[in-house]
Amino acid sequence: MKASGLEWTILRPGWFSQNFGEGLLVDGVRAGVLRLPTADGATTWIDAEDIAAVAAAALTEPGHHGRTYELGGPRALTMAEAAAEISRALGRTLRYEPISEEEYAKGLVAEGWSEAAAGEMVVALSAIRRDLEAKVSTGVQEALGREPRDFSDYVARTFHEGWGRS
């Protein structure tokens with residue numbers, strides 16, 4: 001891509017805040033327990049709206065060609081801390097329960113994931129466990145001239161008492 005001669009901008013987002021409300025973690029939020037192999041590792045949850053805003057700026061504004069933007073939120077949170085924030089918004093307890101990578105992979109396979117896909121998810125989550133996702137990045141600030149949205153902003157927009165009940 002870089003050698004093509006075309007203009008390029010690379011966005012490297014971390015874990016999306018939206019994983020809690022509509023993605024990978026939503027079933028756990030609905031059930032009241034997040035069972036993950038992330039131990040006490042933390043990540044800087046990025047709001048997908050910030051990713052979209054950076055992408056739009058890169059496509060429509062000058063000054064982004066040849067840039068790589070590392071995208072994350074303004075602070076790192078552990079799963080327990082994220083669960084506590086969501087709990088307060090929901091008005092009910094969302095508990096974080098650390099489990100082994102093996103137990104997590106077995107659970108995914110039992111849900112219908114292939115062993116290969118389960119293994120890939122374990123590897124992806126291991127970056128959180130090893131605190132490789134905890135560094136606060138400056139990509140949103142560099143691209144947009146403002147701080148990224150905080151995880152608490154996402155939680156306030158998404159979760160409320162009664163959320164997720166059928």
# chains A, B, ... in the order shown; residues from 1 in each chain; ligands from 1
$ residues_around --residues "range 122-137 of chain A" --least-positions-apart "5" --cutoff "10 Å" --atoms "only C-alpha atoms" --output "PyMOL selection string"
chain A and resi 13-15+36-45+69-79+98+100-102+104-105+108+116-117+142+148
$ write_last_selection --atoms "C-alpha atoms" --output "CSV table (one decimal), in the first residue's frame"
chain,number,residue,atom,x,y,z
A,13,PRO,CA,-7.8,1.2,16.9
A,14,GLY,CA,-7.7,-0.9,20.0
A,15,TRP,CA,-10.7,-2.6,21.6
A,36,LEU,CA,-12.8,-13.6,30.2
A,37,PRO,CA,-9.1,-14.6,30.3
A,38,THR,CA,-7.9,-11.0,30.7
A,39,ALA,CA,-6.8,-11.2,34.4
A,40,ASP,CA,-6.1,-7.7,35.8
A,41,GLY,CA,-5.0,-6.4,32.4
A,42,ALA,CA,-6.3,-3.1,31.1
A,43,THR,CA,-7.1,-1.5,27.8
A,44,THR,CA,-8.0,2.0,26.6
A,45,TRP,CA,-11.5,1.3,25.2
A,69,TYR,CA,-2.9,6.9,14.0
A,70,GLU,CA,-2.9,4.6,17.1
A,71,LEU,CA,-6.5,5.0,18.4
A,72,GLY,CA,-7.6,4.4,22.0
A,73,GLY,CA,-9.5,6.0,24.8
A,74,PRO,CA,-8.1,8.5,27.3
A,75,ARG,CA,-7.6,6.0,30.1
A,76,ALA,CA,-7.0,2.3,30.6
A,77,LEU,CA,-9.6,0.3,32.4
A,78,THR,CA,-9.5,-3.3,33.6
A,79,MET,CA,-12.5,-5.5,32.9
A,98,PRO,CA,-11.3,-14.0,35.3
A,100,SER,CA,-8.2,-19.4,32.2
A,101,GLU,CA,-7.5,-19.2,28.5
A,102,GLU,CA,-8.3,-22.9,28.2
A,104,TYR,CA,-12.5,-19.5,27.7
A,105,ALA,CA,-11.6,-21.4,24.5
A,108,LEU,CA,-16.4,-20.6,22.7
A,116,ALA,CA,-9.1,-22.1,15.3
A,117,ALA,CA,-11.4,-19.1,15.8
A,142,GLU,CA,-3.5,14.2,16.6
A,148,PRO,CA,-11.1,10.8,22.6
$ select_by_dssp --residues "range 5-55 of chain A" --states "strand (DSSP E or B)" --output "PyMOL selection string"
chain A and resi 9-13+16+33-36+42-43+46
$ closest_residue --among "A:Leu59, A:Leu25, A:Ile46, A:Val109" --to "Thr9 in chain A" --atoms "only C-alpha atoms"
A:Leu59
$ closest_residue --among "A:Gly139, A:Gly119, A:Gly5, A:Gly145" --to "Ile51 in chain A" --atoms "only C-alpha atoms"
A:Gly139
$ atom_distance --atom1 "CA of Thr68 in chain A" --atom2 "CA of Leu11 in chain A"
5.9 Å
$ atom_distance --atom1 "CA of Glu81 in chain A" --atom2 "CA of Ala143 in chain A"
27.9 Å
$ select_by_dssp --residues "range 89-145 of chain A" --states "helix (DSSP H, G or I)" --output "ChimeraX atom specification"
/A:89-90,101-110,115-129,139-144
$ closest_residue --among "A:Val29, A:Leu24, A:Ala58, A:Ile10" --to "Ala89 in chain A" --atoms "only C-alpha atoms"
A:Val29
$ residues_around --residues "Thr158 in chain A" --least-positions-apart "3" --cutoff "9 Å" --atoms "only C-alpha atoms" --output "compact mmCIF listing (two decimals) with C-alpha atoms, in the first residue's frame"
# COMPACT_ATOMS: atom_id res chain seq x y z
CA GLN A 18 -19.17 -0.98 21.64
CA GLY A 21 -23.32 -3.17 24.11
CA ALA A 89 -25.48 2.75 34.70
CA ASP A 153 -19.42 8.72 27.88
CA TYR A 154 -20.11 5.53 25.94
CA VAL A 155 -21.62 3.89 29.03
CA TRP A 163 -31.19 -2.22 29.13
$ atom_distance --atom1 "CA of Asp47 in chain A" --atom2 "CA of Phe151 in chain A"
7.3 Å
$ residues_around --residues "Tyr96 in chain A" --least-positions-apart "4" --cutoff "6 Å" --atoms "only C-alpha atoms" --output "mmCIF file with C-alpha atoms, in the first residue's frame"
data_model
loop_
_atom_site.group_PDB
_atom_site.id
_atom_site.type_symbol
_atom_site.label_atom_id
_atom_site.label_comp_id
_atom_site.auth_asym_id
_atom_site.auth_seq_id
_atom_site.Cartn_x
_atom_site.Cartn_y
_atom_site.Cartn_z
ATOM 1 C CA VAL A 33 -21.087 -11.754 34.281
ATOM 2 C CA LEU A 34 -18.091 -11.235 32.015
ATOM 3 C CA ALA A 80 -13.502 -5.185 36.538
#
$ decode --residues "range 35-104 of chain A" --atoms "C-alpha atoms" --output "PDB file, in the first residue's frame"
ATOM      1  CA  ARG A  35     -16.039 -14.439  32.033  1.00  0.00           C
ATOM      2  CA  LEU A  36     -12.782 -13.628  30.247  1.00  0.00           C
ATOM      3  CA  PRO A  37      -9.098 -14.619  30.298  1.00  0.00           C
ATOM      4  CA  THR A  38      -7.858 -11.046  30.740  1.00  0.00           C
ATOM      5  CA  ALA A  39      -6.809 -11.247  34.417  1.00  0.00           C
ATOM      6  CA  ASP A  40      -6.130  -7.740  35.756  1.00  0.00           C
ATOM      7  CA  GLY A  41      -4.959  -6.394  32.394  1.00  0.00           C
ATOM      8  CA  ALA A  42      -6.312  -3.106  31.123  1.00  0.00           C
ATOM      9  CA  THR A  43      -7.131  -1.525  27.792  1.00  0.00           C
ATOM     10  CA  THR A  44      -7.969   1.957  26.555  1.00  0.00           C
ATOM     11  CA  TRP A  45     -11.460   1.293  25.186  1.00  0.00           C
ATOM     12  CA  ILE A  46     -12.040   3.360  22.032  1.00  0.00           C
ATOM     13  CA  ASP A  47     -15.473   4.606  21.040  1.00  0.00           C
ATOM     14  CA  ALA A  48     -16.297   3.574  17.462  1.00  0.00           C
ATOM     15  CA  GLU A  49     -17.625   7.101  16.913  1.00  0.00           C
ATOM     16  CA  ASP A  50     -14.079   8.384  17.424  1.00  0.00           C
ATOM     17  CA  ILE A  51     -12.743   5.856  14.929  1.00  0.00           C
ATOM     18  CA  ALA A  52     -15.354   7.022  12.409  1.00  0.00           C
ATOM     19  CA  ALA A  53     -14.507  10.679  13.029  1.00  0.00           C
ATOM     20  CA  VAL A  54     -10.796  10.031  12.439  1.00  0.00           C
ATOM     21  CA  ALA A  55     -11.590   8.063   9.263  1.00  0.00           C
ATOM     22  CA  ALA A  56     -13.832  10.860   7.987  1.00  0.00           C
ATOM     23  CA  ALA A  57     -11.165  13.462   8.694  1.00  0.00           C
ATOM     24  CA  ALA A  58      -8.499  11.368   6.973  1.00  0.00           C
ATOM     25  CA  LEU A  59     -10.709  11.018   3.881  1.00  0.00           C
ATOM     26  CA  THR A  60     -11.953  14.604   3.643  1.00  0.00           C
ATOM     27  CA  GLU A  61      -9.345  16.891   5.190  1.00  0.00           C
ATOM     28  CA  PRO A  62      -5.752  17.671   4.238  1.00  0.00           C
ATOM     29  CA  GLY A  63      -2.818  16.719   6.430  1.00  0.00           C
ATOM     30  CA  HIS A  64      -3.442  13.036   7.068  1.00  0.00           C
ATOM     31  CA  HIS A  65      -1.555  11.463   4.150  1.00  0.00           C
ATOM     32  CA  GLY A  66       1.272   9.234   5.302  1.00  0.00           C
ATOM     33  CA  ARG A  67       0.089   9.169   8.921  1.00  0.00           C
ATOM     34  CA  THR A  68      -0.524   6.207  11.175  1.00  0.00           C
ATOM     35  CA  TYR A  69      -2.935   6.883  14.026  1.00  0.00           C
ATOM     36  CA  GLU A  70      -2.926   4.646  17.094  1.00  0.00           C
ATOM     37  CA  LEU A  71      -6.471   5.008  18.440  1.00  0.00           C
ATOM     38  CA  GLY A  72      -7.597   4.400  22.003  1.00  0.00           C
ATOM     39  CA  GLY A  73      -9.528   6.019  24.780  1.00  0.00           C
ATOM     40  CA  PRO A  74      -8.108   8.546  27.270  1.00  0.00           C
ATOM     41  CA  ARG A  75      -7.553   6.038  30.097  1.00  0.00           C
ATOM     42  CA  ALA A  76      -6.962   2.347  30.599  1.00  0.00           C
ATOM     43  CA  LEU A  77      -9.553   0.256  32.427  1.00  0.00           C
ATOM     44  CA  THR A  78      -9.503  -3.330  33.580  1.00  0.00           C
ATOM     45  CA  MET A  79     -12.512  -5.521  32.883  1.00  0.00           C
ATOM     46  CA  ALA A  80     -13.502  -5.185  36.538  1.00  0.00           C
ATOM     47  CA  GLU A  81     -13.411  -1.386  36.276  1.00  0.00           C
ATOM     48  CA  ALA A  82     -15.403  -1.412  33.024  1.00  0.00           C
ATOM     49  CA  ALA A  83     -17.948  -3.774  34.580  1.00  0.00           C
ATOM     50  CA  ALA A  84     -18.291  -1.476  37.607  1.00  0.00           C
ATOM     51  CA  GLU A  85     -19.042   1.533  35.386  1.00  0.00           C
ATOM     52  CA  ILE A  86     -21.624  -0.410  33.409  1.00  0.00           C
ATOM     53  CA  SER A  87     -23.143  -1.746  36.665  1.00  0.00           C
ATOM     54  CA  ARG A  88     -23.723   1.774  37.945  1.00  0.00           C
ATOM     55  CA  ALA A  89     -25.480   2.750  34.696  1.00  0.00           C
ATOM     56  CA  LEU A  90     -27.616  -0.396  34.617  1.00  0.00           C
ATOM     57  CA  GLY A  91     -28.585  -0.242  38.265  1.00  0.00           C
ATOM     58  CA  ARG A  92     -27.651  -3.910  38.631  1.00  0.00           C
ATOM     59  CA  THR A  93     -24.431  -5.822  39.110  1.00  0.00           C
ATOM     60  CA  LEU A  94     -22.238  -6.772  36.193  1.00  0.00           C
ATOM     61  CA  ARG A  95     -19.486  -8.960  37.579  1.00  0.00           C
ATOM     62  CA  TYR A  96     -16.101  -9.698  36.011  1.00  0.00           C
ATOM     63  CA  GLU A  97     -14.842 -13.246  36.535  1.00  0.00           C
ATOM     64  CA  PRO A  98     -11.319 -14.008  35.322  1.00  0.00           C
ATOM     65  CA  ILE A  99     -10.987 -17.484  33.812  1.00  0.00           C
ATOM     66  CA  SER A 100      -8.186 -19.425  32.168  1.00  0.00           C
ATOM     67  CA  GLU A 101      -7.528 -19.214  28.465  1.00  0.00           C
ATOM     68  CA  GLU A 102      -8.318 -22.925  28.176  1.00  0.00           C
ATOM     69  CA  GLU A 103     -11.692 -22.530  29.899  1.00  0.00           C
ATOM     70  CA  TYR A 104     -12.543 -19.543  27.711  1.00  0.00           C
TER      71      TYR A 104
END
